[in-house]
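J.: Provided herewith: upload_14.cif, mmCIF, C-alpha atoms.
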```
data_query
loop_
_atom_site.label_atom_id
_atom_site.label_comp_id
_atom_site.auth_asym_id
_atom_site.auth_seq_id
_atom_site.Cartn_x
_atom_site.Cartn_y
_atom_site.Cartn_z
CA MET A 4 34.75 28.82 13.49
CA VAL A 5 34.53 32.25 11.94
CA ALA A 6 33.01 33.04 8.56
CA GLU A 7 34.46 35.54 6.06
CA THR A 8 32.14 38.14 7.57
CA GLY A 9 34.08 37.88 10.82
CA LEU A 10 31.09 36.42 12.64
CA LYS A 11 31.01 33.04 14.29
CA GLN A 12 29.23 30.49 12.08
CA THR A 13 25.98 29.16 13.45
CA LEU A 14 24.67 25.63 13.31
CA ALA A 15 20.92 25.33 13.89
CA LEU A 16 19.56 21.99 15.06
CA VAL A 17 15.89 21.06 15.15
CA LEU A 18 14.63 18.10 17.16
CA PHE A 19 11.17 16.66 16.50
CA SER A 20 11.20 13.44 18.53
CA ALA A 21 10.70 12.82 22.23
CA PRO A 22 13.70 11.48 24.14
CA TYR A 23 14.27 7.80 25.01
CA GLY A 24 11.91 6.19 22.46
CA ASN A 25 14.63 6.50 19.85
CA GLN A 26 18.11 8.02 19.58
CA TYR A 27 17.37 11.25 17.69
CA ALA A 28 17.75 13.41 20.80
CA ASP A 29 21.06 11.66 21.63
CA HIS A 30 22.38 12.29 18.13
CA MET A 31 21.28 15.91 18.18
CA CYS A 32 22.96 16.54 21.56
CA ARG A 33 26.21 14.87 20.45
CA VAL A 34 26.33 16.85 17.20
CA ALA A 35 25.67 20.05 19.18
CA GLU A 36 28.45 19.19 21.64
CA ARG A 37 30.95 18.59 18.83
CA ALA A 38 29.94 21.83 17.09
CA LEU A 39 30.42 23.86 20.27
CA GLY A 40 33.78 22.15 20.82
CA LYS A 41 34.84 23.22 17.33
CA GLY A 42 33.96 26.85 18.01
CA TYR A 43 30.63 27.13 16.24
CA SER A 44 27.64 28.90 17.67
CA VAL A 45 24.77 26.44 18.24
CA GLU A 46 21.05 27.11 18.36
CA ILE A 47 18.56 24.33 19.08
CA PHE A 48 14.83 24.28 18.52
CA LEU A 49 12.65 21.68 20.24
CA TYR A 50 9.39 21.07 18.43
CA GLY A 51 6.40 18.78 19.04
CA ASP A 52 7.13 15.87 21.36
CA ALA A 53 10.78 16.95 21.47
CA ILE A 54 9.80 19.48 24.12
CA HIS A 55 9.77 16.62 26.66
CA SER A 56 13.57 16.86 26.38
CA HIS A 57 13.59 19.96 28.59
CA LEU A 58 11.59 18.48 31.46
CA ILE A 59 13.47 18.85 34.76
CA GLU A 60 14.56 15.88 36.91
CA GLN A 61 14.79 13.29 34.15
CA LYS A 62 16.20 10.08 35.56
CA PRO A 63 16.62 7.48 32.82
CA LYS A 64 18.16 4.37 34.30
CA ASN A 65 20.13 3.08 31.35
CA PHE A 66 19.89 5.79 28.70
CA PHE A 67 21.85 8.90 27.82
CA ASN A 68 20.25 11.62 30.02
CA ILE A 69 18.88 14.22 27.62
CA GLY A 70 18.04 16.75 30.35
CA GLU A 71 21.65 16.66 31.58
CA ALA A 72 22.95 16.83 28.00
CA LEU A 73 20.84 19.94 27.29
CA THR A 74 22.08 21.49 30.54
CA ARG A 75 25.70 20.88 29.49
CA LEU A 76 24.97 22.40 26.09
CA GLY A 77 23.32 25.43 27.70
CA ASP A 78 26.32 25.85 30.01
CA LYS A 79 28.64 25.78 27.02
CA GLY A 80 26.73 28.52 25.26
CA ALA A 81 24.10 26.81 23.12
CA THR A 82 20.83 28.69 22.84
CA ILE A 83 17.88 26.37 23.33
CA TYR A 84 14.43 27.32 22.13
CA SER A 85 11.19 25.46 22.66
CA CYS A 86 7.94 25.73 20.78
CA LEU A 87 5.55 27.67 23.02
CA ILE A 88 2.40 26.26 21.47
CA CYS A 89 3.75 22.70 21.80
CA ALA A 90 4.56 23.37 25.47
CA ILE A 91 1.10 24.78 26.20
CA ALA A 92 -0.51 21.77 24.49
CA ARG A 93 1.52 19.35 26.61
CA GLY A 94 0.82 21.06 29.95
CA TYR A 95 4.23 22.58 30.56
CA MET A 96 2.97 26.14 30.90
CA ARG A 97 1.20 26.54 34.22
CA GLU A 98 1.60 30.25 34.96
CA PHE A 99 1.08 33.33 32.85
CA ASP A 100 3.00 36.41 33.96
CA GLU A 101 0.53 39.23 33.24
CA ALA A 102 3.14 41.96 33.71
CA LYS A 103 5.68 40.47 31.32
CA LYS A 104 3.07 38.80 29.11
CA VAL A 105 5.01 35.55 29.12
CA TYR A 106 4.29 32.01 30.22
CA ASN A 107 6.45 30.42 32.90
CA SER A 108 7.04 26.74 33.31
CA PRO A 109 8.15 25.46 36.71
CA ILE A 110 8.97 22.04 35.27
CA THR A 111 11.28 23.15 32.49
CA LEU A 112 15.06 23.56 32.48
CA PRO A 113 15.54 27.26 33.34
CA PHE A 114 17.64 28.35 30.36
CA VAL A 115 15.10 27.22 27.72
CA LYS A 116 13.47 30.08 25.81
CA PHE A 117 9.88 29.64 24.64
CA VAL A 118 9.16 31.10 21.25
CA THR A 119 6.48 30.89 18.60
CA VAL A 120 6.98 29.70 15.03
CA GLN A 121 8.26 33.22 14.26
CA GLY A 122 11.14 32.50 16.62
CA PHE A 123 11.79 29.31 14.70
CA VAL A 124 11.91 31.20 11.40
CA SER A 125 14.29 33.77 12.90
CA MET A 126 16.60 31.01 14.07
CA ILE A 127 16.71 29.48 10.59
CA LYS A 128 17.43 32.89 9.05
CA ARG A 129 20.41 33.39 11.40
CA ALA A 130 21.83 29.93 10.80
CA ASP A 131 24.63 29.10 8.38
CA ARG A 132 23.57 25.47 8.37
CA LEU A 133 20.47 23.54 9.48
CA MET A 134 20.13 19.93 10.57
CA MET A 135 16.89 18.18 11.48
CA PHE A 136 16.56 15.20 13.81
CA GLY A 137 13.57 12.90 14.11
CA SER A 138 10.05 13.10 12.82
CA SER A 139 6.91 14.68 14.19
CA MET B 20 30.63 22.56 -6.29
CA THR B 21 27.47 21.89 -4.32
CA ARG B 22 27.68 19.17 -1.72
CA ILE B 23 24.79 17.13 -0.41
CA ILE B 24 25.05 15.32 2.90
CA LEU B 25 22.39 12.72 3.55
CA LEU B 26 22.26 11.83 7.24
CA LEU B 27 20.52 8.48 7.75
CA MET B 28 19.48 7.56 11.29
CA ARG B 29 16.99 4.77 10.63
CA LEU B 30 16.29 1.94 8.23
CA PRO B 31 13.89 2.17 5.29
CA ALA B 32 10.66 0.24 5.69
CA SER B 33 10.56 -0.85 2.07
CA GLU B 34 12.46 -0.98 -1.20
CA GLU B 35 10.43 1.99 -2.48
CA GLU B 36 11.29 4.03 0.59
CA ALA B 37 15.01 3.26 0.20
CA GLU B 38 14.87 4.36 -3.44
CA ARG B 39 13.01 7.54 -2.53
CA ILE B 40 15.47 8.43 0.24
CA LEU B 41 18.53 7.85 -1.89
CA SER B 42 17.10 9.53 -4.98
CA VAL B 43 18.41 12.87 -3.73
CA THR B 44 21.98 11.54 -3.80
CA PHE B 45 21.58 10.13 -7.32
CA ARG B 46 20.15 13.45 -8.55
CA ALA B 47 23.03 15.33 -6.91
CA LEU B 48 25.62 13.04 -8.46
CA GLU B 49 24.01 13.30 -11.90
CA ARG B 50 24.31 17.09 -11.67
CA GLY B 51 27.99 16.90 -10.83
CA SER B 52 27.57 17.56 -7.12
CA GLU B 53 29.29 15.66 -4.39
CA ALA B 54 27.10 13.37 -2.27
CA VAL B 55 28.08 11.92 1.08
CA ILE B 56 25.92 9.61 3.15
CA TYR B 57 26.43 9.52 6.90
CA LEU B 58 25.13 6.47 8.76
CA LEU B 59 24.44 7.24 12.41
CA GLY B 60 22.62 5.25 15.11
CA GLU B 61 20.11 2.83 13.58
CA GLY B 62 21.25 4.18 10.23
CA VAL B 63 24.34 1.96 10.33
CA LEU B 64 21.98 -0.96 9.65
CA TRP B 65 21.86 0.25 6.03
CA SER B 66 25.30 -1.35 5.72
CA LYS B 67 24.06 -4.74 6.95
CA GLY B 68 20.59 -5.46 5.63
CA LEU B 69 20.51 -7.06 2.20
CA MET B 70 18.05 -4.63 0.64
CA PRO B 71 19.46 -1.32 1.94
CA ARG B 72 23.01 -2.57 1.39
CA LYS B 73 22.17 -3.15 -2.27
CA HIS B 74 20.99 0.46 -2.56
CA LEU B 75 24.07 1.81 -0.80
CA GLY B 76 26.15 -0.19 -3.27
CA LYS B 77 24.50 1.73 -6.11
CA VAL B 78 25.42 5.02 -4.44
CA LEU B 79 29.05 3.91 -4.11
CA GLU B 80 29.13 2.77 -7.74
CA SER B 81 27.75 6.16 -8.81
CA GLY B 82 30.59 8.00 -7.10
CA GLY B 83 28.94 8.81 -3.78
CA LYS B 84 30.71 8.36 -0.48
CA VAL B 85 29.38 6.53 2.56
CA ARG B 86 30.64 6.99 6.10
CA ALA B 87 29.43 5.01 9.14
CA SER B 88 29.74 5.52 12.89
CA LYS B 89 32.13 2.97 14.37
CA LYS B 90 30.56 3.02 17.84
CA ASP B 91 27.08 2.47 16.40
CA LEU B 92 28.32 -0.40 14.21
CA LEU B 93 29.99 -2.07 17.18
CA ALA B 94 26.94 -1.47 19.40
CA ARG B 95 24.88 -3.44 16.88
CA ALA B 96 27.45 -6.25 16.59
CA ILE B 97 28.22 -5.46 12.97
CA ARG B 98 31.62 -6.94 12.16
CA LEU B 99 33.87 -4.28 10.71
CA ASP B 100 35.89 -6.85 8.77
CA LEU B 101 32.74 -7.93 6.88
CA MET B 102 31.79 -4.39 5.94
CA GLU B 103 31.73 -3.23 2.34
CA SER B 104 35.30 -1.92 2.01
CA ARG B 105 34.25 1.33 0.34
CA ILE B 106 32.25 2.37 3.41
CA GLU B 107 34.47 4.52 5.60
CA VAL B 108 34.19 3.61 9.28
CA VAL B 109 34.61 6.75 11.39
CA GLY B 110 35.39 6.94 15.10
CA ASP B 111 33.85 10.35 15.74
CA LEU B 112 31.14 10.56 13.11
CA GLU B 113 29.30 13.45 14.79
CA GLY B 114 32.48 15.54 14.80
CA GLU B 115 33.27 14.72 11.17
CA LEU B 116 29.67 15.49 10.26
CA VAL B 117 29.95 18.97 11.79
CA ASP B 118 33.21 19.67 9.91
CA ASP B 119 31.69 18.44 6.67
CA ALA B 120 28.31 20.16 7.11
CA MET B 121 29.87 23.57 7.76
CA MET B 122 31.88 23.48 4.53
CA PRO B 123 30.74 26.05 1.94
CA SER B 124 27.90 25.15 -0.45
CA THR B 125 26.81 22.19 1.63
CA GLN B 126 23.26 21.13 2.35
CA VAL B 127 22.30 18.54 4.95
CA ILE B 128 19.24 16.37 4.49
CA SER B 129 18.40 14.04 7.35
CA TRP B 130 16.13 11.05 7.63
#
```
Please express what this file holds, its structure, as structure tokens.
T.:
Amino acid sequence: MVAETGLKQTLALVLFSAPYGNQYADHMCRVAERALGKGYSVEIFLYGDAIHSHLIEQKPKNFFNIGEALTRLGDKGATIYSCLICAIARGYMREFDEAKKVYNSPITLPFVKFVTVQGFVSMIKRADRLMMFGSS
Amino acid sequence: MTRIILLLMRLPASEEEAERILSVTFRALERGSEAVIYLLGEGVLWSKGLMPRKHLGKVLESGGKVRASKKDLLARAIRLDLMESRIEVVGDLEGELVDDAMMPSTQVISW
């Protein structure tokens, strides 16, 4: 969907809750999928315990697989950000690349971009609409 | 006209909490805005429980709209034929939510 400015409209989604304990991550992924299908640009920010959503090799037996859902969304063009500080606190960041001055996480889905709260603010500024899912 | 979308994904723990959550819709309606409540996931239980159902009834009587996810209602064995008739049961609630949320002058509040 294109705004009067000629630019694609952007829907920003923020997830606060970890996957599987409740359905917030499921809802967020489904809303994102519909938005992409309707031609909107989608940006997602994972905050707090929601960062467990981008752990690789998730294998829920009977639940909607959030890792696979995020991968599908990434493949379809969604930009997925994760809170860097939340990831460091939860042990996701195991290597620091001195040359690039960035942290690398070997256990995170590869397309996820780690940003600080400034990145979160930038995402909100770019967005035409914001939806929040879950509680921290 | 400003539009408020209230996306409910869980049940209120108390009468006070229900009143607090819905107060935004009443304020919007009083100011001449449009208010639409979307019930998704556990949120569809607002249409079943006695206490939350009473509060939703007030929203409907005040001119607000309520839409509920059909798949989430069926998943929780809520009989569609016993639903309050003014609640719109929607097959693809997430898709409708996106269409609605991206309309001009719309704000989405989720809980």
J.: What's around segment 36-40 of chain A at 12 Å? Count all atoms listed in the file, leave out sequence neighbours fewer than 3 positions away in its own chain, and write the answer as a short mmCIF file (atom, residue, chain, number, x, y, z; two decimals) with C-alpha atoms, in the frame of the given file.
T.:
```cif
data_model
loop_
_atom_site.label_atom_id
_atom_site.label_comp_id
_atom_site.auth_asym_id
_atom_site.auth_seq_id
_atom_site.Cartn_x
_atom_site.Cartn_y
_atom_site.Cartn_z
CA MET A 4 34.75 28.82 13.49
CA LYS A 11 31.01 33.04 14.29
CA GLN A 12 29.23 30.49 12.08
CA THR A 13 25.98 29.16 13.45
CA LEU A 14 24.67 25.63 13.31
CA ALA A 15 20.92 25.33 13.89
CA LEU A 16 19.56 21.99 15.06
CA ASP A 29 21.06 11.66 21.63
CA HIS A 30 22.38 12.29 18.13
CA MET A 31 21.28 15.91 18.18
CA CYS A 32 22.96 16.54 21.56
CA ARG A 33 26.21 14.87 20.45
CA TYR A 43 30.63 27.13 16.24
CA SER A 44 27.64 28.90 17.67
CA VAL A 45 24.77 26.44 18.24
CA GLU A 46 21.05 27.11 18.36
CA ILE A 47 18.56 24.33 19.08
CA ALA A 72 22.95 16.83 28.00
CA LEU A 73 20.84 19.94 27.29
CA THR A 74 22.08 21.49 30.54
CA ARG A 75 25.70 20.88 29.49
CA LEU A 76 24.97 22.40 26.09
CA GLY A 77 23.32 25.43 27.70
CA ASP A 78 26.32 25.85 30.01
CA LYS A 79 28.64 25.78 27.02
CA GLY A 80 26.73 28.52 25.26
CA ALA A 81 24.10 26.81 23.12
CA THR A 82 20.83 28.69 22.84
CA ARG A 132 23.57 25.47 8.37
CA MET A 134 20.13 19.93 10.57
CA ASP B 111 33.85 10.35 15.74
CA LEU B 112 31.14 10.56 13.11
CA GLU B 113 29.30 13.45 14.79
CA GLY B 114 32.48 15.54 14.80
CA GLU B 115 33.27 14.72 11.17
CA LEU B 116 29.67 15.49 10.26
CA VAL B 117 29.95 18.97 11.79
CA ASP B 118 33.21 19.67 9.91
CA ASP B 119 31.69 18.44 6.67
CA ALA B 120 28.31 20.16 7.11
CA MET B 121 29.87 23.57 7.76
#
```
J.: How many Å separate atom CA of Thr21 of chain B from atom CA of Trp65 of chain B?
T.: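 Result for atom CA of Thr21 of chain B versus atom CA of Trp65 of chain B: 24.6 Å, one decimal.
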J.: Neighbouring residues of segment 88-98 of chain A were defined as those with any atom within 12 Å, considering all atoms listed in the file; residues of the same chain fewer than 2 positions away were excluded. Please report them as an NGL selection string.
T.: :A and (19 or 48-59 or 84-86 or 100-112 or 115-123 or 139)
J.: Since we have the selection now, will you write its residues out, keeping C-alpha atoms, as a compact mmCIF listing (two decimals), in the coordinates of the input?
T.:
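Saved result, part02.txt, follows:
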```txt
# COMPACT_ATOMS: atom_id res chain seq x y z
CA PHE A 19 11.17 16.66 16.50
CA PHE A 48 14.83 24.28 18.52
CA LEU A 49 12.65 21.68 20.24
CA TYR A 50 9.39 21.07 18.43
CA GLY A 51 6.40 18.78 19.04
CA ASP A 52 7.13 15.87 21.36
CA ALA A 53 10.78 16.95 21.47
CA ILE A 54 9.80 19.48 24.12
CA HIS A 55 9.77 16.62 26.66
CA SER A 56 13.57 16.86 26.38
CA HIS A 57 13.59 19.96 28.59
CA LEU A 58 11.59 18.48 31.46
CA ILE A 59 13.47 18.85 34.76
CA TYR A 84 14.43 27.32 22.13
CA SER A 85 11.19 25.46 22.66
CA CYS A 86 7.94 25.73 20.78
CA ASP A 100 3.00 36.41 33.96
CA GLU A 101 0.53 39.23 33.24
CA ALA A 102 3.14 41.96 33.71
CA LYS A 103 5.68 40.47 31.32
CA LYS A 104 3.07 38.80 29.11
CA VAL A 105 5.01 35.55 29.12
CA TYR A 106 4.29 32.01 30.22
CA ASN A 107 6.45 30.42 32.90
CA SER A 108 7.04 26.74 33.31
CA PRO A 109 8.15 25.46 36.71
CA ILE A 110 8.97 22.04 35.27
CA THR A 111 11.28 23.15 32.49
CA LEU A 112 15.06 23.56 32.48
CA VAL A 115 15.10 27.22 27.72
CA LYS A 116 13.47 30.08 25.81
CA PHE A 117 9.88 29.64 24.64
CA VAL A 118 9.16 31.10 21.25
CA THR A 119 6.48 30.89 18.60
CA VAL A 120 6.98 29.70 15.03
CA GLN A 121 8.26 33.22 14.26
CA GLY A 122 11.14 32.50 16.62
CA PHE A 123 11.79 29.31 14.70
CA SER A 139 6.91 14.68 14.19
```
J.: Report the distance between atom CA of Leu59 of chain B and atom CA of Met28 of chain B in Å, rounded to one decimal place.
T.: 5.1 Å
J.: Find the distance between atom CA of Gly110 of chain B and atom CA of Val85 of chain B and write it in Å to one decimal.
T.: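 It comes out at 13.9 Å.
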J.: Extract, using all atoms listed in the file, all DNA, RNA and protein residues at most 8 Å from segment 92-98 of chain B, discarding same-chain residues fewer than 5 positions from it, and format them as a PyMOL selection string.
T.: chain B and resi 63-64+67+87
J.: Would you write out, as a PDB file with C-alpha atoms, in the coordinates of the input, every residue that the PyMOL selection byres ((chain B and resi 53) around 7) captures in this file?
T.:
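Dumped everything to expr-v3.pdb:
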```
ATOM      1  CA  THR B  21      27.470  21.890  -4.320  1.00  0.00           C
ATOM      2  CA  ARG B  22      27.680  19.170  -1.720  1.00  0.00           C
ATOM      3  CA  ILE B  23      24.790  17.130  -0.410  1.00  0.00           C
ATOM      4  CA  ALA B  47      23.030  15.330  -6.910  1.00  0.00           C
ATOM      5  CA  LEU B  48      25.620  13.040  -8.460  1.00  0.00           C
ATOM      6  CA  GLY B  51      27.990  16.900 -10.830  1.00  0.00           C
ATOM      7  CA  SER B  52      27.570  17.560  -7.120  1.00  0.00           C
ATOM      8  CA  ALA B  54      27.100  13.370  -2.270  1.00  0.00           C
ATOM      9  CA  VAL B  55      28.080  11.920   1.080  1.00  0.00           C
ATOM     10  CA  GLY B  83      28.940   8.810  -3.780  1.00  0.00           C
TER      11      GLY B  83
END
```
J.: May I ask which of the residues B:Leu79, B:Ile56, B:Leu26, B:Val108 is the closest one to chain A, counting all atoms listed in the file?
T.: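 For chain A, the nearest of the candidates is B:Leu26.
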J.: Could you write out as JSON the box around segment 41-52 of chain B (axis-aligned, all atoms listed in the file, 6 Å on each side), with centre and edge lengths in Å to one decimal?
T.:
```
{"center_x": 22.5, "center_y": 12.7, "center_z": -6.9, "size_x": 22.9, "size_y": 21.7, "size_z": 22.0}
```
J.: Using the chain letters and numbers from the file, which residues does the PyMOL selection byres ((chain B and resi 33) around 12) grab, as a ChimeraX atom specification?
T.: /B:30-32,34-40,68-71,74
J.: Which residue gives the smallest distance to chain A among B:Ser81, B:Ser42, B:Ser66, B:Ser129, with only C-alpha atoms counted?
T.: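 Closest to chain A of all the choices is B:Ser129.
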J.: Which neighbours of segment 24-28 of chain A fall inside 7 Å, counting all atoms listed in the file, when residues of the same chain fewer than 6 positions from it are skipped, and could you give them as a JSON list (two decimals) with C-alpha atoms, in the coordinates of the input?
T.:
```
[["chain", "number", "residue", "atom", "x", "y", "z"],
["A", 18, "LEU", "CA", 14.63, 18.10, 17.16],
["A", 69, "ILE", "CA", 18.88, 14.22, 27.62],
["A", 136, "PHE", "CA", 16.56, 15.20, 13.81],
["A", 137, "GLY", "CA", 13.57, 12.90, 14.11],
["B", 60, "GLY", "CA", 22.62, 5.25, 15.11]]
```
J.: Identify which of the residues B:Ile106, B:Gly82, B:Phe45, B:Ser88 lies closest to chain A, counting only C-alpha atoms when measuring atom-to-atom distances.
T.: B:Ser88
J.: Just checking: using all atoms listed in the file, which residue out of A:Gly42, A:Gly70, A:Pro113, A:Pro63 ends up closest to chain B?
T.: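 Residue with the minimum atom-to-atom distance to chain B: A:Gly42.
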J.: So, counting all atoms listed in the file, which residue among A:Met135, A:Met126, A:Val17, A:Leu87 is closest to chain B?
T.: A:Met135
J.: Under the rule that all atoms listed in the file are counted, which of B:Leu75, B:Ser104, B:Asp91, B:Arg86 is the nearest residue to chain A?
T.: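 For chain A, the nearest of the candidates is B:Asp91.
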